[in-house]
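Participant: Enclosed is the structure file target05.cif (mmCIF, N, CA and C atoms).
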```cif
data_target
#
loop_
_atom_site.label_atom_id
_atom_site.label_comp_id
_atom_site.auth_asym_id
_atom_site.auth_seq_id
_atom_site.Cartn_x
_atom_site.Cartn_y
_atom_site.Cartn_z
N MET A 1 90.64 99.69 114.69
CA MET A 1 89.42 99.31 115.35
C MET A 1 89.71 98.02 116.12
N LEU A 2 89.23 98.00 117.34
CA LEU A 2 89.46 96.84 118.21
C LEU A 2 88.14 96.17 118.59
N HIS A 3 88.21 94.86 118.78
CA HIS A 3 87.10 94.07 119.31
C HIS A 3 87.70 93.17 120.39
N HIS A 4 87.31 93.40 121.63
CA HIS A 4 87.88 92.66 122.77
C HIS A 4 89.41 92.74 122.74
N ASP A 5 89.92 93.95 122.59
CA ASP A 5 91.36 94.23 122.57
C ASP A 5 92.12 93.61 121.41
N GLN A 6 91.41 93.08 120.42
CA GLN A 6 92.05 92.50 119.23
C GLN A 6 91.78 93.40 118.03
N PRO A 7 92.81 93.72 117.24
CA PRO A 7 92.58 94.55 116.05
C PRO A 7 91.75 93.79 115.01
N ILE A 8 90.72 94.46 114.51
CA ILE A 8 89.89 93.83 113.47
C ILE A 8 89.80 94.69 112.21
N GLY A 9 90.34 95.91 112.26
CA GLY A 9 90.29 96.74 111.06
C GLY A 9 90.94 98.08 111.27
N PHE A 10 91.13 98.78 110.15
CA PHE A 10 91.66 100.13 110.22
C PHE A 10 91.25 100.92 108.98
N ILE A 11 91.30 102.23 109.12
CA ILE A 11 91.07 103.15 108.01
C ILE A 11 92.28 104.07 107.97
N SER A 12 92.90 104.14 106.79
CA SER A 12 94.07 104.98 106.60
C SER A 12 93.66 106.29 105.93
N VAL A 13 93.93 107.40 106.61
CA VAL A 13 93.63 108.74 106.09
C VAL A 13 94.97 109.45 105.89
N SER A 14 95.16 110.01 104.71
CA SER A 14 96.43 110.65 104.38
C SER A 14 96.18 111.93 103.59
N PRO A 15 97.21 112.75 103.42
CA PRO A 15 97.03 113.95 102.59
C PRO A 15 96.65 113.55 101.16
N SER A 16 95.88 114.40 100.52
CA SER A 16 95.49 114.14 99.13
C SER A 16 96.65 114.42 98.20
N ALA A 17 96.69 113.70 97.10
CA ALA A 17 97.73 113.91 96.09
C ALA A 17 97.57 115.29 95.48
N PHE A 18 98.69 115.94 95.20
CA PHE A 18 98.64 117.29 94.64
C PHE A 18 98.02 117.29 93.25
N SER A 19 98.37 116.32 92.45
CA SER A 19 97.87 116.26 91.07
C SER A 19 96.72 115.28 90.97
N ASN A 20 95.57 115.76 90.53
CA ASN A 20 94.41 114.89 90.34
C ASN A 20 93.50 115.54 89.31
N SER A 21 93.46 114.97 88.13
CA SER A 21 92.71 115.57 87.02
C SER A 21 91.21 115.62 87.30
N VAL A 22 90.66 114.61 87.96
CA VAL A 22 89.22 114.61 88.24
C VAL A 22 88.88 115.72 89.23
N ARG A 23 89.66 115.86 90.30
CA ARG A 23 89.42 116.93 91.27
C ARG A 23 89.51 118.29 90.58
N ASN A 24 90.50 118.46 89.74
CA ASN A 24 90.66 119.74 89.03
C ASN A 24 89.44 120.04 88.16
N GLN A 25 88.85 119.02 87.54
CA GLN A 25 87.64 119.23 86.74
C GLN A 25 86.45 119.58 87.64
N VAL A 26 86.32 118.86 88.75
CA VAL A 26 85.20 119.11 89.67
C VAL A 26 85.23 120.56 90.17
N PHE A 27 86.42 121.04 90.49
CA PHE A 27 86.56 122.39 91.03
C PHE A 27 86.92 123.42 89.97
N ASN A 28 86.88 123.02 88.70
CA ASN A 28 87.09 123.92 87.57
C ASN A 28 88.41 124.68 87.68
N ARG A 29 89.46 123.96 88.04
CA ARG A 29 90.79 124.56 88.20
C ARG A 29 91.82 123.70 87.50
N SER A 30 92.87 124.34 86.96
CA SER A 30 93.95 123.55 86.39
C SER A 30 94.80 122.97 87.50
N LYS A 31 94.91 123.68 88.62
CA LYS A 31 95.60 123.19 89.80
C LYS A 31 94.99 123.85 91.02
N ILE A 32 95.01 123.16 92.12
CA ILE A 32 94.58 123.73 93.39
C ILE A 32 95.85 123.99 94.18
N SER A 33 95.96 125.15 94.77
CA SER A 33 97.19 125.50 95.49
C SER A 33 97.43 124.51 96.64
N PRO A 34 98.70 124.28 96.98
CA PRO A 34 98.99 123.36 98.09
C PRO A 34 98.31 123.76 99.40
N LYS A 35 98.23 125.06 99.68
CA LYS A 35 97.57 125.50 100.92
C LYS A 35 96.09 125.14 100.91
N ILE A 36 95.40 125.45 99.82
CA ILE A 36 93.98 125.11 99.71
C ILE A 36 93.81 123.60 99.82
N LEU A 37 94.65 122.85 99.14
CA LEU A 37 94.57 121.39 99.17
C LEU A 37 94.76 120.87 100.59
N ASN A 38 95.82 121.31 101.25
CA ASN A 38 96.11 120.81 102.60
C ASN A 38 95.08 121.24 103.63
N ASP A 39 94.51 122.43 103.46
CA ASP A 39 93.51 122.92 104.40
C ASP A 39 92.13 122.29 104.22
N ASN A 40 91.85 121.75 103.04
CA ASN A 40 90.49 121.35 102.73
C ASN A 40 90.29 119.90 102.30
N PHE A 41 91.36 119.16 102.03
CA PHE A 41 91.22 117.80 101.49
C PHE A 41 92.08 116.79 102.23
N VAL A 42 91.55 115.59 102.41
CA VAL A 42 92.32 114.42 102.81
C VAL A 42 91.85 113.26 101.93
N ASN A 43 92.61 112.20 101.97
CA ASN A 43 92.32 111.04 101.15
C ASN A 43 92.19 109.79 102.04
N ILE A 44 91.14 109.04 101.84
CA ILE A 44 91.04 107.73 102.50
C ILE A 44 91.71 106.75 101.55
N SER A 45 92.83 106.21 102.00
CA SER A 45 93.59 105.32 101.12
C SER A 45 93.32 103.84 101.40
N ARG A 46 92.77 103.53 102.54
CA ARG A 46 92.46 102.13 102.85
C ARG A 46 91.32 102.04 103.86
N VAL A 47 90.44 101.09 103.62
CA VAL A 47 89.42 100.68 104.59
C VAL A 47 89.55 99.17 104.67
N VAL A 48 90.02 98.69 105.81
CA VAL A 48 90.29 97.25 105.96
C VAL A 48 89.50 96.73 107.17
N LEU A 49 88.82 95.61 106.97
CA LEU A 49 88.09 94.97 108.06
C LEU A 49 88.29 93.47 107.95
N ASP A 50 88.57 92.84 109.05
CA ASP A 50 88.72 91.39 109.10
C ASP A 50 87.49 90.74 108.46
N PRO A 51 87.67 89.81 107.53
CA PRO A 51 86.53 89.19 106.84
C PRO A 51 85.48 88.59 107.77
N ARG A 52 85.87 88.17 108.94
CA ARG A 52 84.91 87.57 109.88
C ARG A 52 83.90 88.58 110.39
N TYR A 53 84.18 89.89 110.24
CA TYR A 53 83.30 90.92 110.76
C TYR A 53 82.55 91.68 109.66
N ARG A 54 82.71 91.26 108.44
CA ARG A 54 82.07 91.95 107.32
C ARG A 54 80.60 91.60 107.22
N GLY A 55 79.82 92.54 106.67
CA GLY A 55 78.41 92.29 106.44
C GLY A 55 77.50 92.68 107.59
N ALA A 56 78.07 93.16 108.68
CA ALA A 56 77.26 93.52 109.85
C ALA A 56 77.14 95.03 110.03
N GLY A 57 77.67 95.80 109.08
CA GLY A 57 77.60 97.26 109.17
C GLY A 57 78.70 97.88 110.01
N ILE A 58 79.65 97.07 110.45
CA ILE A 58 80.73 97.58 111.31
C ILE A 58 81.62 98.54 110.54
N ALA A 59 81.99 98.20 109.32
CA ALA A 59 82.86 99.08 108.52
C ALA A 59 82.18 100.41 108.24
N ALA A 60 80.88 100.38 107.96
CA ALA A 60 80.14 101.62 107.69
C ALA A 60 80.11 102.50 108.93
N ASP A 61 79.87 101.92 110.08
CA ASP A 61 79.86 102.69 111.33
C ASP A 61 81.24 103.28 111.62
N PHE A 62 82.26 102.47 111.40
CA PHE A 62 83.64 102.90 111.62
C PHE A 62 83.98 104.05 110.66
N LEU A 63 83.60 103.92 109.40
CA LEU A 63 83.86 104.96 108.41
C LEU A 63 83.14 106.26 108.80
N ARG A 64 81.90 106.17 109.22
CA ARG A 64 81.16 107.36 109.64
C ARG A 64 81.85 108.05 110.83
N ALA A 65 82.37 107.26 111.75
CA ALA A 65 83.07 107.83 112.92
C ALA A 65 84.35 108.54 112.49
N VAL A 66 85.08 107.96 111.56
CA VAL A 66 86.31 108.59 111.06
C VAL A 66 85.96 109.88 110.33
N ILE A 67 84.94 109.86 109.49
CA ILE A 67 84.51 111.05 108.75
C ILE A 67 84.09 112.16 109.72
N ALA A 68 83.37 111.80 110.77
CA ALA A 68 82.91 112.80 111.75
C ALA A 68 84.08 113.47 112.46
N GLN A 69 85.17 112.75 112.66
CA GLN A 69 86.33 113.31 113.36
C GLN A 69 87.22 114.14 112.44
N GLU A 70 87.12 113.91 111.15
CA GLU A 70 87.99 114.61 110.20
C GLU A 70 87.61 116.08 110.13
N LYS A 71 88.59 116.96 110.14
CA LYS A 71 88.33 118.40 110.19
C LYS A 71 88.34 119.09 108.83
N THR A 72 88.72 118.40 107.77
CA THR A 72 88.74 119.03 106.45
C THR A 72 87.35 119.05 105.84
N ARG A 73 87.16 119.89 104.82
CA ARG A 73 85.85 120.02 104.18
C ARG A 73 85.54 118.86 103.25
N PHE A 74 86.58 118.30 102.63
CA PHE A 74 86.36 117.26 101.62
C PHE A 74 87.25 116.06 101.90
N ILE A 75 86.67 114.89 101.70
CA ILE A 75 87.40 113.64 101.85
C ILE A 75 87.34 112.95 100.51
N GLU A 76 88.51 112.61 99.98
CA GLU A 76 88.59 111.95 98.68
C GLU A 76 88.86 110.46 98.84
N LEU A 77 88.48 109.74 97.81
CA LEU A 77 88.74 108.31 97.77
C LEU A 77 88.91 107.93 96.30
N ILE A 78 89.93 107.17 96.01
CA ILE A 78 90.11 106.62 94.67
C ILE A 78 90.17 105.11 94.85
N THR A 79 89.29 104.42 94.18
CA THR A 79 89.25 102.96 94.32
C THR A 79 89.17 102.28 92.97
N SER A 80 89.77 101.12 92.89
CA SER A 80 89.64 100.30 91.69
C SER A 80 88.93 98.99 92.03
N MET A 81 88.47 98.87 93.28
CA MET A 81 87.80 97.64 93.71
C MET A 81 86.30 97.70 93.44
N ARG A 82 85.80 96.66 92.85
CA ARG A 82 84.34 96.56 92.66
C ARG A 82 83.67 96.42 94.01
N GLY A 83 82.48 96.91 94.09
CA GLY A 83 81.72 96.79 95.34
C GLY A 83 81.97 97.92 96.31
N VAL A 84 83.12 98.56 96.23
CA VAL A 84 83.42 99.65 97.15
C VAL A 84 82.59 100.88 96.81
N THR A 85 82.29 101.07 95.53
CA THR A 85 81.56 102.26 95.10
C THR A 85 80.22 102.39 95.82
N ARG A 86 79.42 101.35 95.84
CA ARG A 86 78.12 101.41 96.52
C ARG A 86 78.29 101.66 98.01
N PHE A 87 79.25 100.99 98.63
CA PHE A 87 79.53 101.17 100.05
C PHE A 87 79.87 102.63 100.34
N MET A 88 80.73 103.23 99.50
CA MET A 88 81.13 104.62 99.72
C MET A 88 80.00 105.59 99.39
N GLU A 89 79.19 105.28 98.39
CA GLU A 89 78.03 106.13 98.09
C GLU A 89 77.06 106.13 99.27
N ASN A 90 76.89 104.99 99.91
CA ASN A 90 76.03 104.91 101.09
C ASN A 90 76.58 105.74 102.25
N ALA A 91 77.89 105.99 102.23
CA ALA A 91 78.52 106.81 103.26
C ALA A 91 78.53 108.29 102.87
N GLY A 92 77.93 108.62 101.71
CA GLY A 92 77.82 110.01 101.31
C GLY A 92 78.82 110.46 100.26
N PHE A 93 79.66 109.56 99.78
CA PHE A 93 80.61 109.92 98.74
C PHE A 93 79.89 109.99 97.40
N ILE A 94 80.35 110.88 96.53
CA ILE A 94 79.78 111.06 95.20
C ILE A 94 80.83 110.68 94.17
N TYR A 95 80.44 109.86 93.20
CA TYR A 95 81.35 109.47 92.12
C TYR A 95 81.48 110.62 91.14
N TYR A 96 82.72 111.01 90.81
CA TYR A 96 82.96 112.12 89.90
C TYR A 96 83.64 111.70 88.59
N GLY A 97 84.26 110.56 88.53
CA GLY A 97 84.89 110.15 87.29
C GLY A 97 86.06 109.21 87.53
N LYS A 98 86.64 108.76 86.43
CA LYS A 98 87.78 107.85 86.49
C LYS A 98 89.07 108.64 86.40
N CYS A 99 90.06 108.19 87.14
CA CYS A 99 91.38 108.79 87.05
C CYS A 99 92.41 107.68 86.86
N SER A 100 93.48 107.99 86.17
CA SER A 100 94.49 106.99 85.85
C SER A 100 95.61 107.01 86.88
N GLY A 101 96.47 106.03 86.77
CA GLY A 101 97.65 105.98 87.62
C GLY A 101 97.39 105.43 89.00
N VAL A 102 96.31 104.71 89.19
CA VAL A 102 96.00 104.14 90.51
C VAL A 102 97.07 103.12 90.86
N GLY A 103 97.62 103.26 92.03
CA GLY A 103 98.68 102.34 92.47
C GLY A 103 99.98 102.55 91.71
N GLY A 104 100.14 103.72 91.09
CA GLY A 104 101.37 104.02 90.38
C GLY A 104 101.46 103.37 89.01
N GLY A 105 100.38 102.75 88.56
CA GLY A 105 100.41 102.06 87.27
C GLY A 105 99.45 102.67 86.27
N SER A 106 99.05 101.86 85.32
CA SER A 106 98.15 102.35 84.27
C SER A 106 96.69 102.00 84.55
N GLN A 107 96.43 101.47 85.73
CA GLN A 107 95.08 101.08 86.11
C GLN A 107 94.23 102.32 86.38
N TYR A 108 92.92 102.22 86.08
CA TYR A 108 92.00 103.32 86.34
C TYR A 108 91.26 103.09 87.64
N GLY A 109 90.97 104.17 88.34
CA GLY A 109 90.21 104.08 89.57
C GLY A 109 89.05 105.06 89.53
N LYS A 110 88.10 104.87 90.41
CA LYS A 110 86.94 105.74 90.51
C LYS A 110 87.22 106.80 91.56
N MET A 111 87.10 108.06 91.17
CA MET A 111 87.33 109.17 92.08
C MET A 111 86.01 109.53 92.75
N MET A 112 86.00 109.52 94.08
CA MET A 112 84.81 109.86 94.84
C MET A 112 85.18 110.92 95.86
N ILE A 113 84.25 111.83 96.12
CA ILE A 113 84.49 112.90 97.08
C ILE A 113 83.30 113.00 98.03
N LYS A 114 83.59 113.16 99.29
CA LYS A 114 82.57 113.37 100.33
C LYS A 114 82.66 114.82 100.78
N LYS A 115 81.56 115.55 100.67
CA LYS A 115 81.48 116.92 101.15
C LYS A 115 80.98 116.88 102.59
N LYS A 116 81.64 117.62 103.46
CA LYS A 116 81.26 117.65 104.86
C LYS A 116 80.60 118.96 105.25
N SER A 117 79.81 118.94 106.27
CA SER A 117 79.24 120.13 106.90
C SER A 117 78.51 121.04 105.94
N GLY A 118 77.86 120.48 104.94
CA GLY A 118 77.09 121.29 104.02
C GLY A 118 77.92 122.18 103.12
N GLU A 119 79.23 121.96 103.07
CA GLU A 119 80.09 122.77 102.22
C GLU A 119 79.84 122.41 100.77
N PHE A 120 80.00 123.39 99.90
CA PHE A 120 79.76 123.16 98.49
C PHE A 120 81.02 123.42 97.68
N VAL A 121 81.07 122.80 96.51
CA VAL A 121 82.21 122.94 95.61
C VAL A 121 82.49 124.41 95.33
N ASP A 122 81.47 125.24 95.21
CA ASP A 122 81.66 126.66 94.90
C ASP A 122 82.50 127.37 95.96
N LYS A 123 82.41 126.95 97.22
CA LYS A 123 83.22 127.59 98.26
C LYS A 123 84.70 127.40 97.99
N ILE A 124 85.09 126.21 97.56
CA ILE A 124 86.50 125.97 97.25
C ILE A 124 86.89 126.75 96.01
N LYS A 125 86.02 126.80 95.02
CA LYS A 125 86.31 127.58 93.81
C LYS A 125 86.58 129.03 94.19
N GLN A 126 85.72 129.59 95.03
CA GLN A 126 85.88 130.99 95.42
C GLN A 126 87.15 131.21 96.23
N SER A 127 87.43 130.34 97.20
CA SER A 127 88.61 130.54 98.03
C SER A 127 89.89 130.30 97.24
N ASN A 128 89.83 129.45 96.23
CA ASN A 128 91.01 129.18 95.43
C ASN A 128 91.30 130.35 94.48
N GLU A 129 90.28 131.11 94.13
CA GLU A 129 90.45 132.23 93.21
C GLU A 129 90.99 133.46 93.92
N SER A 130 90.86 133.51 95.25
CA SER A 130 91.34 134.69 95.97
C SER A 130 92.79 134.58 96.35
#
```
Any chance you could give the structure as C-alpha cells?
Facilitator:
Amino acid sequence: MLHHDQPIGFISVSPSAFSNSVRNQVFNRSKISPKILNDNFVNISRVVLDPRYRGAGIAADFLRAVIAQEKTRFIELITSMRGVTRFMENAGFIYYGKCSGVGGGSQYGKMMIKKKSGEFVDKIKQSNES
C-alpha cells in the first residue's frame, strides 16, 4: 500500500498450510486433499501498517480490498497477537479455535476463517467427499 508514492503497509497472502487440525475439525475431515486446499483456501500471514497511519480505518479498507480480489472461497488467518481478533472479526472472519505450532514453536494461535461469496462449509465437505 502506498501513500504519496511511499510504502505504508502490506498484506501477505500465501497458500494455506496442508496440516491444520482446526480446519480439519471445521470441515469434519481428517485431511483435506491438496487440490481442494489449493483451489479453495489461502492464508493471510501478515497485515502490516505503518504506526503513523493506524486508527483511521486504512488497514480495514486495505484488507477488504485484498479479500475482494482473492479468488478462493476461504481465507484463513492464524494469529497470536491480541487485538487482531476483533479487527479480523470486523472484516468477516470467524474464530474457530486455537491451533498449536504458531511460528514453528509451541505457541498457540487463534484460527479464523473468512467465507467468501456466500459459500458454506458444507460445500467444501461435499466437494472433498467426491
Participant: Write down as a compact mmCIF listing (two decimals) with N, CA and C atoms, keeping the file's coordinate frame the residues belonging to region 23-119 of chain A that are assigned strand (DSSP E or B) by DSSP computed on the backbone.
Facilitator:
```txt
# COMPACT_ATOMS: atom_id res chain seq x y z
N PHE A 41 91.36 119.16 102.03
CA PHE A 41 91.22 117.80 101.49
C PHE A 41 92.08 116.79 102.23
N VAL A 42 91.55 115.59 102.41
CA VAL A 42 92.32 114.42 102.81
C VAL A 42 91.85 113.26 101.93
N ASN A 43 92.61 112.20 101.97
CA ASN A 43 92.32 111.04 101.15
C ASN A 43 92.19 109.79 102.04
N ILE A 44 91.14 109.04 101.84
CA ILE A 44 91.04 107.73 102.50
C ILE A 44 91.71 106.75 101.55
N SER A 45 92.83 106.21 102.00
CA SER A 45 93.59 105.32 101.12
C SER A 45 93.32 103.84 101.40
N ARG A 46 92.77 103.53 102.54
CA ARG A 46 92.46 102.13 102.85
C ARG A 46 91.32 102.04 103.86
N VAL A 47 90.44 101.09 103.62
CA VAL A 47 89.42 100.68 104.59
C VAL A 47 89.55 99.17 104.67
N VAL A 48 90.02 98.69 105.81
CA VAL A 48 90.29 97.25 105.96
C VAL A 48 89.50 96.73 107.17
N LEU A 49 88.82 95.61 106.97
CA LEU A 49 88.09 94.97 108.06
C LEU A 49 88.29 93.47 107.95
N PHE A 74 86.58 118.30 102.63
CA PHE A 74 86.36 117.26 101.62
C PHE A 74 87.25 116.06 101.90
N ILE A 75 86.67 114.89 101.70
CA ILE A 75 87.40 113.64 101.85
C ILE A 75 87.34 112.95 100.51
N GLU A 76 88.51 112.61 99.98
CA GLU A 76 88.59 111.95 98.68
C GLU A 76 88.86 110.46 98.84
N LEU A 77 88.48 109.74 97.81
CA LEU A 77 88.74 108.31 97.77
C LEU A 77 88.91 107.93 96.30
N ILE A 78 89.93 107.17 96.01
CA ILE A 78 90.11 106.62 94.67
C ILE A 78 90.17 105.11 94.85
N THR A 79 89.29 104.42 94.18
CA THR A 79 89.25 102.96 94.32
C THR A 79 89.17 102.28 92.97
N ILE A 94 80.35 110.88 96.53
CA ILE A 94 79.78 111.06 95.20
C ILE A 94 80.83 110.68 94.17
N TYR A 95 80.44 109.86 93.20
CA TYR A 95 81.35 109.47 92.12
C TYR A 95 81.48 110.62 91.14
N TYR A 96 82.72 111.01 90.81
CA TYR A 96 82.96 112.12 89.90
C TYR A 96 83.64 111.70 88.59
N GLY A 97 84.26 110.56 88.53
CA GLY A 97 84.89 110.15 87.29
C GLY A 97 86.06 109.21 87.53
N LYS A 98 86.64 108.76 86.43
CA LYS A 98 87.78 107.85 86.49
C LYS A 98 89.07 108.64 86.40
N CYS A 99 90.06 108.19 87.14
CA CYS A 99 91.38 108.79 87.05
C CYS A 99 92.41 107.68 86.86
N SER A 100 93.48 107.99 86.17
CA SER A 100 94.49 106.99 85.85
C SER A 100 95.61 107.01 86.88
N GLY A 101 96.47 106.03 86.77
CA GLY A 101 97.65 105.98 87.62
C GLY A 101 97.39 105.43 89.00
N VAL A 102 96.31 104.71 89.19
CA VAL A 102 96.00 104.14 90.51
C VAL A 102 97.07 103.12 90.86
N GLN A 107 96.43 101.47 85.73
CA GLN A 107 95.08 101.08 86.11
C GLN A 107 94.23 102.32 86.38
N TYR A 108 92.92 102.22 86.08
CA TYR A 108 92.00 103.32 86.34
C TYR A 108 91.26 103.09 87.64
N GLY A 109 90.97 104.17 88.34
CA GLY A 109 90.21 104.08 89.57
C GLY A 109 89.05 105.06 89.53
N LYS A 110 88.10 104.87 90.41
CA LYS A 110 86.94 105.74 90.51
C LYS A 110 87.22 106.80 91.56
N MET A 111 87.10 108.06 91.17
CA MET A 111 87.33 109.17 92.08
C MET A 111 86.01 109.53 92.75
N MET A 112 86.00 109.52 94.08
CA MET A 112 84.81 109.86 94.84
C MET A 112 85.18 110.92 95.86
N ILE A 113 84.25 111.83 96.12
CA ILE A 113 84.49 112.90 97.08
C ILE A 113 83.30 113.00 98.03
N LYS A 114 83.59 113.16 99.29
CA LYS A 114 82.57 113.37 100.33
C LYS A 114 82.66 114.82 100.78
N LYS A 115 81.56 115.55 100.67
CA LYS A 115 81.48 116.92 101.15
C LYS A 115 80.98 116.88 102.59
```
Participant: Can you pull out every residue within 8 Å of Phe41 (chain A), counting only N, CA and C atoms, but drop anything in the same chain fewer than 2 positions away, and send it as a ChimeraX atom specification?
Facilitator: /A:14-17,35-39,43-44,71-76
Participant: Would you kindly identify which residues have an atom no farther than 12 Å from (84.0, 112.5, 99.2), using only C-alpha atoms and the file's own coordinates, and write them out as a ChimeraX atom specification?
Facilitator: /A:16,23,26,40-44,63-64,67,70,72-79,85,88-96,110-117,119-121
Participant: Kindly provide the residues of region 3-28 of chain A that approach region 45-55 of chain A to within 8 Å, each paired with its closest atom pair and their distance in Å to one decimal, based on only C-alpha atoms, listed by chain and increasing number, as a tab-separated table.
Facilitator:
```
residue	atom	partner	partner_atom	distance
A:Ile8	CA	A:Asp50	CA	5.1
A:Gly9	CA	A:Leu49	CA	4.1
A:Phe10	CA	A:Val48	CA	5.3
A:Ile11	CA	A:Val47	CA	4.5
A:Ser12	CA	A:Arg46	CA	5.0
A:Val13	CA	A:Ser45	CA	6.0
A:Ser14	CA	A:Ser45	CA	6.9
```
Participant: Write a file of the selected residues as a tab-separated table (two decimals), in the coordinates of the input, keeping N, CA and C atoms.
Facilitator:
```tsv
chain	number	residue	atom	x	y	z
A	8	ILE	N	90.72	94.46	114.51
A	8	ILE	CA	89.89	93.83	113.47
A	8	ILE	C	89.80	94.69	112.21
A	9	GLY	N	90.34	95.91	112.26
A	9	GLY	CA	90.29	96.74	111.06
A	9	GLY	C	90.94	98.08	111.27
A	10	PHE	N	91.13	98.78	110.15
A	10	PHE	CA	91.66	100.13	110.22
A	10	PHE	C	91.25	100.92	108.98
A	11	ILE	N	91.30	102.23	109.12
A	11	ILE	CA	91.07	103.15	108.01
A	11	ILE	C	92.28	104.07	107.97
A	12	SER	N	92.90	104.14	106.79
A	12	SER	CA	94.07	104.98	106.60
A	12	SER	C	93.66	106.29	105.93
A	13	VAL	N	93.93	107.40	106.61
A	13	VAL	CA	93.63	108.74	106.09
A	13	VAL	C	94.97	109.45	105.89
A	14	SER	N	95.16	110.01	104.71
A	14	SER	CA	96.43	110.65	104.38
A	14	SER	C	96.18	111.93	103.59
```
Participant: Could you tell me how far CA of Phe62 (chain A) lies from CA of Ser21 (chain A), in Å and to one decimal?
Facilitator: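 Taking CA of Phe62 (chain A) and CA of Ser21 (chain A), their separation equals 29.1 Å.
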Participant: Let me know the centre plus edge lengths, in Å and rounded to one decimal, of a box with edges along x, y and z that contains all listed atoms of region 49-58 of chain A and is padded by 3 Å on every side, as JSON.
Facilitator:
```
{"center_x": 83.0, "center_y": 93.1, "center_z": 108.9, "size_x": 17.7, "size_y": 17.0, "size_z": 10.9}
```
Participant: Rounded to one decimal, what separation in Å do you get between atom C of Lys98 (chain A) and CA of Ile32 (chain A)?
Facilitator: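 Going from atom C of Lys98 (chain A) over to CA of Ile32 (chain A) covers 17.5 Å.
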Participant: Provide the CA of Val22 (chain A) to CA of Arg86 (chain A) distance in Å, to one decimal place.
Facilitator: 19.1 Å
Participant: Because the input lacks atoms here, generate N, CA, C and O atoms for region 71-82 of chain A and report them as a compact mmCIF listing (two decimals), keeping the file's coordinate frame.
Facilitator:
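Resulting contents of rebuild39.txt:
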```
# COMPACT_ATOMS: atom_id res chain seq x y z
N LYS A 71 88.59 116.96 110.14
CA LYS A 71 88.33 118.40 110.19
C LYS A 71 88.34 119.09 108.83
O LYS A 71 88.00 120.25 108.73
N THR A 72 88.72 118.40 107.77
CA THR A 72 88.74 119.03 106.45
C THR A 72 87.35 119.05 105.84
O THR A 72 86.46 118.31 106.26
N ARG A 73 87.16 119.89 104.82
CA ARG A 73 85.85 120.02 104.18
C ARG A 73 85.54 118.86 103.25
O ARG A 73 84.38 118.51 103.06
N PHE A 74 86.58 118.30 102.63
CA PHE A 74 86.36 117.26 101.62
C PHE A 74 87.25 116.06 101.90
O PHE A 74 88.40 116.20 102.28
N ILE A 75 86.67 114.89 101.70
CA ILE A 75 87.40 113.64 101.85
C ILE A 75 87.34 112.95 100.51
O ILE A 75 86.26 112.73 99.96
N GLU A 76 88.51 112.61 99.98
CA GLU A 76 88.59 111.95 98.68
C GLU A 76 88.86 110.46 98.84
O GLU A 76 89.40 110.03 99.84
N LEU A 77 88.48 109.74 97.81
CA LEU A 77 88.74 108.31 97.77
C LEU A 77 88.91 107.93 96.30
O LEU A 77 88.12 108.36 95.45
N ILE A 78 89.93 107.17 96.01
CA ILE A 78 90.11 106.62 94.67
C ILE A 78 90.17 105.11 94.85
O ILE A 78 90.99 104.60 95.61
N THR A 79 89.29 104.42 94.18
CA THR A 79 89.25 102.96 94.32
C THR A 79 89.17 102.28 92.97
O THR A 79 88.58 102.80 92.03
N SER A 80 89.77 101.12 92.89
CA SER A 80 89.64 100.30 91.69
C SER A 80 88.93 98.99 92.03
O SER A 80 88.79 98.11 91.20
N MET A 81 88.47 98.87 93.28
CA MET A 81 87.80 97.64 93.71
C MET A 81 86.30 97.70 93.44
O MET A 81 85.64 98.68 93.76
N ARG A 82 85.80 96.66 92.85
CA ARG A 82 84.34 96.56 92.66
C ARG A 82 83.67 96.42 94.01
O ARG A 82 84.22 95.87 94.94
```
